[in-house]
Structures are given as C-alpha cells and as structure tokens.
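K.L.:
If it helps, the file is called protein-v3.cif and holds mmCIF, C-alpha atoms:
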```cif
data_model
#
loop_
_atom_site.label_atom_id
_atom_site.label_comp_id
_atom_site.auth_asym_id
_atom_site.auth_seq_id
_atom_site.Cartn_x
_atom_site.Cartn_y
_atom_site.Cartn_z
CA MET A 131 53.91 109.04 129.28
CA GLU A 132 52.34 111.77 131.38
CA GLU A 133 53.36 115.35 130.69
CA SER A 134 54.47 115.97 134.27
CA LYS A 135 56.81 112.97 134.13
CA LEU A 136 58.23 114.14 130.80
CA ILE A 137 58.82 117.61 132.25
CA GLU A 138 60.59 116.13 135.27
CA GLU A 139 62.88 114.07 133.04
CA ALA A 140 63.45 116.97 130.67
CA LYS A 141 64.45 119.14 133.62
CA SER A 142 67.11 116.63 134.57
CA GLY A 143 68.55 116.93 131.05
CA ASP A 144 66.96 113.93 129.31
CA LYS A 145 67.12 114.80 125.62
CA PHE A 146 64.51 112.26 124.53
CA ALA A 147 61.97 113.44 127.09
CA LEU A 148 62.60 116.98 125.95
CA GLU A 149 62.11 116.08 122.31
CA ARG A 150 58.88 114.28 123.08
CA LEU A 151 57.59 117.15 125.16
CA LEU A 152 58.34 119.60 122.35
CA SER A 153 56.85 117.31 119.68
CA ASN A 154 53.63 116.85 121.67
CA ASN A 155 53.15 120.59 122.01
CA TYR A 156 54.44 121.59 118.58
CA PRO A 157 51.05 121.57 116.74
CA ILE A 158 49.33 123.88 119.25
CA LEU A 159 52.30 126.26 119.32
CA LYS A 160 52.55 126.32 115.53
CA GLY A 161 48.80 126.89 115.06
CA TYR A 162 48.77 129.72 117.58
CA VAL A 163 51.80 131.48 116.08
CA ILE A 164 50.46 131.15 112.54
CA LYS A 165 47.14 132.68 113.60
CA MET A 166 48.94 135.50 115.37
CA THR A 167 51.33 136.43 112.57
CA TYR A 168 50.01 135.08 109.23
CA ASP A 169 53.60 135.20 108.06
CA LYS A 170 55.34 131.93 107.25
CA GLU A 171 58.94 132.96 107.87
CA LEU A 172 58.12 134.93 110.99
CA SER A 173 56.04 132.04 112.34
CA LYS A 174 58.90 129.62 111.77
CA ASP A 175 61.40 131.92 113.49
CA ILE A 176 59.12 132.48 116.47
CA VAL A 177 58.34 128.77 116.86
CA GLN A 178 62.06 127.87 116.76
CA GLU A 179 63.07 130.62 119.17
CA THR A 180 60.20 129.75 121.52
CA MET A 181 61.23 126.12 121.74
CA LEU A 182 64.88 127.07 122.21
CA ARG A 183 64.04 129.43 125.08
CA ALA A 184 61.73 126.86 126.60
CA VAL A 185 64.58 124.32 126.66
CA ILE A 186 67.08 126.78 128.13
CA ASN A 187 64.66 127.92 130.85
CA ILE A 188 62.87 124.62 131.49
CA ASN A 189 64.05 124.52 135.11
CA LYS A 190 62.12 127.74 135.77
CA PHE A 191 58.88 126.15 134.54
CA GLN A 192 56.36 125.67 137.36
CA GLN A 193 54.38 122.47 136.93
CA GLN A 194 51.07 124.06 137.93
CA GLY A 195 50.13 124.82 134.35
CA LYS A 196 50.30 123.02 131.04
CA PHE A 197 53.53 123.05 129.06
CA SER A 198 51.66 124.43 126.04
CA THR A 199 50.65 127.46 128.14
CA TYR A 200 54.32 128.03 128.94
CA LEU A 201 55.23 127.83 125.24
CA ILE A 202 52.41 130.16 124.22
CA LYS A 203 53.49 132.69 126.82
CA ILE A 204 57.06 132.69 125.45
CA ALA A 205 55.77 132.94 121.87
CA THR A 206 53.50 135.86 122.76
CA ASN A 207 56.40 137.73 124.38
CA LEU A 208 58.62 137.07 121.36
CA TYR A 209 55.95 138.31 118.97
CA ARG A 210 55.39 141.42 121.09
CA ASP A 211 59.17 142.11 121.04
CA HIS A 212 59.19 141.62 117.28
CA LEU A 213 56.36 144.15 116.85
CA ARG A 214 58.14 146.65 119.07
CA LYS A 215 61.35 146.31 117.09
CA ASN A 216 59.73 146.43 113.68
CA LYS A 217 56.72 148.61 114.45
CA LYS A 218 54.88 146.52 111.94
CA ALA A 219 51.79 144.60 112.82
CA GLY A 220 50.54 144.51 109.31
CA TYR A 221 49.34 141.62 107.31
CA PHE A 222 50.08 141.68 103.62
CA GLU A 223 48.07 139.85 101.08
CA GLU A 224 51.20 138.32 99.60
CA ASP A 225 51.78 136.57 102.94
CA LEU A 226 49.04 134.15 102.01
CA PRO A 227 50.53 131.58 99.65
CA SER A 228 49.14 131.72 96.14
CA ASN A 229 48.74 127.94 96.06
CA PHE A 230 46.68 128.02 99.24
CA SER A 231 43.41 126.33 98.49
CA LEU A 232 40.61 126.11 100.97
CA GLU A 233 38.39 123.31 99.82
CA ASN A 234 39.57 124.34 96.33
CA SER A 235 37.13 127.19 96.41
CA VAL A 236 37.99 130.68 95.19
CA ILE A 237 35.14 132.16 97.20
CA ALA A 238 36.34 130.45 100.34
CA LYS A 239 39.86 131.75 99.73
CA LEU A 240 38.58 135.30 99.26
CA LYS A 241 36.53 134.95 102.43
CA TYR A 242 39.55 133.61 104.25
CA GLU A 243 41.63 136.62 103.20
CA GLU A 244 38.90 138.96 104.39
CA LEU A 245 38.72 137.21 107.75
CA ILE A 246 42.48 137.37 108.17
CA LYS A 247 42.39 141.09 107.40
CA ILE A 248 39.76 141.62 110.07
CA LEU A 249 41.65 139.54 112.60
CA MET A 250 44.94 141.27 111.80
CA SER A 251 43.35 144.69 112.10
CA LEU A 252 42.86 143.99 115.80
CA SER A 253 45.78 144.93 118.05
CA TYR A 254 47.99 141.96 118.93
CA GLU A 255 46.83 142.10 122.57
CA LYS A 256 43.18 141.66 121.61
CA ARG A 257 44.02 139.21 118.84
CA SER A 258 45.99 136.91 121.13
CA ALA A 259 43.25 136.93 123.78
CA PHE A 260 40.65 136.19 121.10
CA ILE A 261 42.65 133.34 119.52
CA LEU A 262 43.43 131.72 122.85
CA ARG A 263 39.80 131.88 123.94
CA PHE A 264 38.05 130.75 120.79
CA TYR A 265 40.51 128.59 118.90
CA TYR A 266 42.21 126.93 121.86
CA ASP A 267 39.45 127.11 124.45
CA TYR A 268 41.63 128.60 127.17
CA PRO A 269 39.75 129.80 130.25
CA TYR A 270 39.92 133.52 131.03
CA GLU A 271 42.18 132.89 134.04
CA ASP A 272 44.81 131.10 131.92
CA ILE A 273 44.70 133.81 129.26
CA GLY A 274 45.31 136.34 132.04
CA LYS A 275 48.36 134.37 133.15
CA ILE A 276 49.73 134.05 129.63
CA LEU A 277 49.28 137.71 128.76
CA ASP A 278 50.00 139.05 132.27
CA LEU A 279 46.59 140.67 132.49
CA LYS A 280 43.86 140.96 135.08
CA LEU A 281 40.73 138.87 134.61
CA GLY A 282 38.58 141.94 133.93
CA THR A 283 40.97 143.17 131.25
CA VAL A 284 40.96 139.77 129.53
CA LYS A 285 37.16 139.70 129.50
CA SER A 286 36.87 143.22 128.16
CA ARG A 287 39.46 142.59 125.42
CA ILE A 288 37.70 139.44 124.30
CA HIS A 289 34.33 141.13 124.41
CA TYR A 290 35.69 144.02 122.35
CA ALA A 291 37.28 141.63 119.83
CA VAL A 292 34.06 139.67 119.35
CA SER A 293 31.97 142.80 118.93
CA TYR A 294 34.52 144.30 116.54
CA ILE A 295 34.65 141.17 114.36
CA LYS A 296 30.86 140.91 114.26
CA GLU A 297 30.58 144.54 113.28
CA LYS A 298 33.23 144.21 110.54
CA LEU A 299 31.53 141.12 109.14
CA LYS A 300 28.20 142.95 109.03
CA GLU A 301 29.86 145.82 107.12
CA ASP A 302 31.08 143.35 104.50
CA MET B 173 24.67 136.26 125.97
CA THR B 174 28.22 135.11 126.77
CA ASP B 175 31.22 135.73 124.54
CA LYS B 176 31.25 132.04 123.71
CA ASP B 177 27.66 132.19 122.42
CA ASN B 178 28.48 135.40 120.67
CA PHE B 179 31.40 133.73 118.92
CA LYS B 180 29.30 130.73 117.88
CA GLU B 181 27.21 133.16 115.91
CA ILE B 182 30.23 134.19 113.86
CA ASN B 183 30.37 131.01 111.84
CA GLU B 184 32.67 132.56 109.25
CA MET B 185 35.52 132.73 111.77
CA LYS B 186 35.62 128.95 111.92
CA LEU B 187 37.32 129.07 108.52
CA LEU B 188 40.42 130.35 110.27
CA SER B 189 40.76 127.11 112.21
CA GLN B 190 42.68 125.87 109.19
CA ASN B 191 46.27 127.02 108.76
CA PRO B 192 47.00 128.73 105.45
CA PHE B 193 50.54 127.34 105.31
CA ASP B 194 52.60 124.66 106.97
CA PHE B 195 56.24 124.32 107.96
CA ASP B 196 58.39 121.95 109.93
CA VAL B 197 61.20 122.61 112.33
CA ASP B 198 63.93 120.22 113.43
CA ILE B 199 62.92 119.54 117.03
CA THR B 200 65.94 117.29 117.69
CA GLU B 201 68.31 120.04 116.62
CA ILE B 202 66.49 122.60 118.77
CA ALA B 203 66.62 120.29 121.82
CA GLU B 204 70.37 119.68 121.31
CA LYS B 205 71.06 123.37 120.74
CA GLY B 206 69.00 124.29 123.83
CA LEU B 207 70.77 121.77 126.05
CA ALA B 208 74.19 122.94 124.81
CA GLU B 209 73.24 126.58 125.46
CA LYS B 210 71.89 125.65 128.90
CA SER B 211 75.16 123.96 129.79
CA ARG B 212 77.18 126.91 128.43
CA LEU B 213 75.17 129.36 130.55
CA LYS B 214 75.63 127.12 133.61
CA ASN B 215 79.41 127.10 133.07
CA ILE B 216 79.46 130.88 132.80
CA LYS B 217 77.42 131.14 136.02
CA ASP B 218 79.75 128.73 137.83
CA TYR B 219 82.78 130.67 136.64
CA ILE B 220 81.31 133.98 137.84
CA ILE B 221 80.51 132.46 141.25
CA PHE B 222 84.04 131.06 141.46
CA ALA B 223 85.60 134.42 140.53
CA VAL B 224 83.43 136.37 143.00
CA LEU B 225 84.15 133.92 145.81
CA SER B 226 87.89 133.92 145.11
CA ILE B 227 88.04 137.70 145.09
CA SER B 228 86.01 137.89 148.31
CA ILE B 229 88.23 135.35 150.08
CA LEU B 230 91.43 137.07 148.90
CA GLY B 231 90.03 140.43 149.97
CA LEU B 232 89.11 139.06 153.37
CA MET B 233 92.54 137.51 153.80
CA ALA B 234 94.21 140.78 152.81
CA ALA B 235 92.08 142.67 155.33
CA VAL B 236 92.87 140.17 158.09
CA SER B 237 96.60 140.26 157.30
CA ILE B 238 96.59 144.05 157.61
CA ILE B 239 94.81 143.86 160.98
CA ASN B 240 96.71 140.95 162.48
CA ILE B 241 99.29 138.77 160.75
CA LYS B 242 99.06 136.01 163.41
CA LEU B 243 95.32 135.74 162.97
CA MET B 244 95.92 135.47 159.24
CA MET B 245 98.24 132.48 159.75
CA ILE B 246 95.72 130.75 162.01
CA LEU B 247 93.01 131.35 159.40
CA GLU B 248 95.21 129.93 156.65
CA ILE B 249 95.83 126.76 158.67
CA ILE B 250 92.10 126.33 159.36
CA ILE B 251 91.14 126.98 155.72
CA SER B 252 93.83 124.69 154.30
CA SER B 253 92.63 121.83 156.50
CA ILE B 254 88.85 122.42 156.25
CA ILE B 255 88.63 123.00 152.49
CA PRO B 256 90.07 119.63 151.39
CA LEU B 257 87.94 117.87 154.00
CA SER B 258 84.71 119.39 152.65
CA VAL B 259 85.40 119.99 148.95
CA ILE B 260 86.81 116.55 148.11
CA PRO B 261 83.85 114.48 149.46
CA ILE B 262 81.34 116.88 147.83
CA THR B 263 83.11 116.60 144.48
CA ILE B 264 83.24 112.81 144.69
CA TYR B 265 79.54 112.69 145.62
CA LYS B 266 78.61 114.90 142.63
CA ILE B 267 80.64 112.78 140.20
CA ARG B 268 79.10 109.53 141.54
CA ARG B 269 75.57 110.98 141.30
CA ALA B 270 76.17 112.13 137.72
CA GLU B 271 77.46 108.65 136.81
CA LEU B 272 74.39 107.00 138.36
CA GLU B 273 71.99 109.37 136.55
CA ASN B 274 73.60 108.60 133.21
#
```
Could you spell out this file's structure in structure tokens?
P.N.:
Amino acid sequence: MEESKLIEEAKSGDKFALERLLSNNYPILKGYVIKMTYDKELSKDIVQETMLRAVININKFQQQGKFSTYLIKIATNLYRDHLRKNKKAGYFEEDLPSNFSLENSVIAKLKYEELIKILMSLSYEKRSAFILRFYYDYPYEDIGKILDLKLGTVKSRIHYAVSYIKEKLKED
Amino acid sequence: MTDKDNFKEINEMKLLSQNPFDFDVDITEIAEKGLAEKSRLKNIKDYIIFAVLSISILGLMAAVSIINIKLMMILEIIISSIIPLSVIPITIYKIRRAELEN
C-alpha cells in the first residue's frame, strides 16, 4: 500500500495502518538515531519516544514530505533536547559493544572506533547534516527542513564536516 | 569538486554504514499507547472547550440579566429551543458516522 494512503488511514485512527507505517520507517529511523548517538539505550529511548510523538501528532503531519523525514525531524529535536538537558555529547568507548565484530576483524573494529570518535567529535548540528546527506542521501533542501536551517547554512555545515573528517583522517 | 565527490574520496567512512548494535522496539505497543494518549489529549481539549463555553455563556447570561431581566427570559426561551434542535441532530450524525467508520 502507498505511504500516502497509509498516512490517511493512520490519521483516521486505523491502528494497523499506523503499525505498518511505523514498521516501514523503523529501519531508517533506527539507523539514523544509532549514527547520531552511538549509545544503545539512548537510541532505543529516542526511537520509542519519536514513534510515540509521531502517533500523537500524526494529524499535524503535512503530506508534502516523506514520513521518514517527519520521524527524523522529531528524533533530531529529541536528541537536541537530550543534549541540552545532559550537556553531554560525548561518545565513550564502552558504548561500543565488546562483542561487536566487523567482518571479524580487529583492525576493522579499531578503525570503526576511530571513525566514530571523529564523527562524534563534530557538533550534533554538523553531524546530523552530514549523516542525512551521505548515509541517507537527503537533498540539501530536505535537510534544511528537518533541521530548520537555511540552504546556505546546510551546505556550509556539510562542507565543514567533510573537510574536518578528511583532515582528521589524514592526521591519523 | 562537490561535497558528494569529496565524500566518495573518504572510503573509510563507508564502514559506518553498518550499525554497531541492534535493538527492537514493540511497535504495536507504541501504536496502542500513542492512540490512547491521543484520545486522552482530545478528551482534555474537549473538556476545556466545554468549560470555557459554559463559563462564557453563564457570564453572558448574568450580564444580560443585570441589564434587562425581560431580555434574559427571551434569550433563555430562544436558547432552550434552539440548542436541542441543533445539538441533537449533530450528535446523532457524529455517532452514525463513527459507527460507519468502524
């Protein structure tokens, strides 16, 4: 079933349409939140709260954009609120599970940890713009809508993030 | 060189396409909880509207009764005949529509 039809039915209170809509968009939301936080418990909390808020406010959703964009916007706001409350944007090495194996390679795991550190050392505003652009292929305009930013600001943040990451990788 | 080309050069970052951990959430439970919360919020909103309207009508009636008691009686007669004529059909229509949707 088409997403717009599901949204219409979900708006009228159809539980099954709502469940399907959430299930279809769950992987993208989960992947985005994991990349933003690198914290399992926090990711789970944000994903749950995002979906709950999306259900409560579904009637406010304008059907011009994708539902995943709507979810990502809510998740970004929740993560920003979390950072404001906790004043912690840090990534800790222990956040990465010890049994995490990337192609069963120790070198790959070490590399992965390094990359996460670099990504997490960016501010959340630049990190979210970067993730949306390069891991989810969002156009600049959509990123601007999600993050409530002007097009020029989005471009400059992404440009900064790319240059910063390249520089950090060269240092290593 | 665009940012996209620039990013392609950073091959290492592709490693992060994989998630380091996985978790599942109960989507059915979230949908049920969300719908219940939505209905609770709607009830609160309806109650607030009802309270505000009631207070406004009572206030208006009190003001009219102070100005002119006869006018107040005429108003009461009009209201007591108009309200049942409009509220009852609207309520029946809403109930029928809800039954049809379900």
K.L.:
I'd like the residues picked by the PyMOL selection byres ((chain A and resi 284) around 10) written out as a ChimeraX atom specification, using the chain letters and numbers from the file.
P.N.:
/A:255-256,259-260,263,270-275,277-283,285-290
K.L.:
Using all atoms listed in the file, find the one residue out of A:Tyr168, A:Phe191, A:Tyr242, A:Phe264 that sits nearest to Lys203 (chain A).
P.N.:
A:Phe191
K.L.:
Would you write out, as a VMD selection string, every residue that the PyMOL selection byres ((chain A and resi 254) around 12) captures in this file?
P.N.:
chain A and resid 163 165 to 167 206 to 214 217 to 221 249 to 253 255 to 262 277 287 to 288 291
K.L.:
Neighbouring residues of region 203-216 of chain B were defined as those with any atom within 8 Å, considering all atoms listed in the file; residues of the same chain fewer than 2 positions away were excluded. Please report them as a ChimeraX atom specification.
P.N.:
/A:143,145,148-149,181-183,185-187 /B:199-201,218-220
K.L.:
Could you take the residues named above and write them with C-alpha atoms, as a PDB file, in the frame of the given file?
P.N.:
```pdb
ATOM      1  CA  GLY A 143      68.550 116.930 131.050  1.00  0.00           C
ATOM      2  CA  LYS A 145      67.120 114.800 125.620  1.00  0.00           C
ATOM      3  CA  LEU A 148      62.600 116.980 125.950  1.00  0.00           C
ATOM      4  CA  GLU A 149      62.110 116.080 122.310  1.00  0.00           C
ATOM      5  CA  MET A 181      61.230 126.120 121.740  1.00  0.00           C
ATOM      6  CA  LEU A 182      64.880 127.070 122.210  1.00  0.00           C
ATOM      7  CA  ARG A 183      64.040 129.430 125.080  1.00  0.00           C
ATOM      8  CA  VAL A 185      64.580 124.320 126.660  1.00  0.00           C
ATOM      9  CA  ILE A 186      67.080 126.780 128.130  1.00  0.00           C
ATOM     10  CA  ASN A 187      64.660 127.920 130.850  1.00  0.00           C
TER      11      ASN A 187
ATOM     12  CA  ILE B 199      62.920 119.540 117.030  1.00  0.00           C
ATOM     13  CA  THR B 200      65.940 117.290 117.690  1.00  0.00           C
ATOM     14  CA  GLU B 201      68.310 120.040 116.620  1.00  0.00           C
ATOM     15  CA  ASP B 218      79.750 128.730 137.830  1.00  0.00           C
ATOM     16  CA  TYR B 219      82.780 130.670 136.640  1.00  0.00           C
ATOM     17  CA  ILE B 220      81.310 133.980 137.840  1.00  0.00           C
TER      18      ILE B 220
END
```
K.L.:
Between CA of Tyr162 (chain A) and CA of Lys241 (chain A), what distance in Å does the model show, to one decimal?
P.N.:
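Value for the CA of Tyr162 (chain A)-CA of Lys241 (chain A) distance: 20.2 Å.
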K.L.:
Check the smallest atom-to-atom distance from each of A:Tyr156, A:Tyr265, A:Tyr200, A:Phe146 to Ser189 (chain B) using all atoms listed in the file, then report the winner.
P.N.:
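Checking each candidate against Ser189 (chain B), we get A:Tyr265 as the closest.
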K.L.:
For a quick check of understanding, using only C-alpha atoms, which of A:Glu138, A:Glu133, A:Glu301, A:Asp144 has the smallest distance to chain B?
P.N.:
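When distances to chain B are compared using only C-alpha atoms, the smallest one comes from A:Asp144.
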K.L.:
Grab the CA of Asp194 (chain B) to CA of Gln178 (chain A) distance for me, in Å with one decimal place.
P.N.:
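We find that CA of Asp194 (chain B) and CA of Gln178 (chain A) lie 14.0 Å from each other.
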K.L.:
When you draw a straight line from CA of Ala147 (chain A) to CA of Lys135 (chain A), how long is it in Å?
P.N.:
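A separation of 8.7 Å between them.
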K.L.:
Using only C-alpha atoms, which residues sit within 12 Å of Lys196 (chain A) once same-chain residues fewer than 3 positions away are excluded, as a list of chain:residue names?
P.N.:
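Once the nearby chain positions are removed, what remains is A:Glu132, A:Glu133, A:Ser134, A:Leu136, A:Ile137, A:Leu151, A:Asn154, A:Asn155, A:Ile158, A:Phe191, A:Gln192, A:Gln193, A:Thr199, A:Tyr200, A:Leu201, A:Ile202, A:Lys203, A:Tyr268, A:Asp272, A:Lys275, A:Ile276.
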K.L.:
Which one is closest to chain B: A:Ala205, A:Leu245, A:Leu172, A:Pro269? Count all atoms listed in the file.
P.N.:
A:Leu245
K.L.:
Edge lengths and centre, in Å to one decimal, as AutoDock Vina command-line options: that's what I need for the box along x, y and z that holds all listed atoms of region 231-244 of chain B plus 5 Å on each side.
P.N.:
```
--center_x 94.2 --center_y 139.8 --center_z 156.7 --size_x 20.2 --size_y 18.6 --size_z 23.4
```
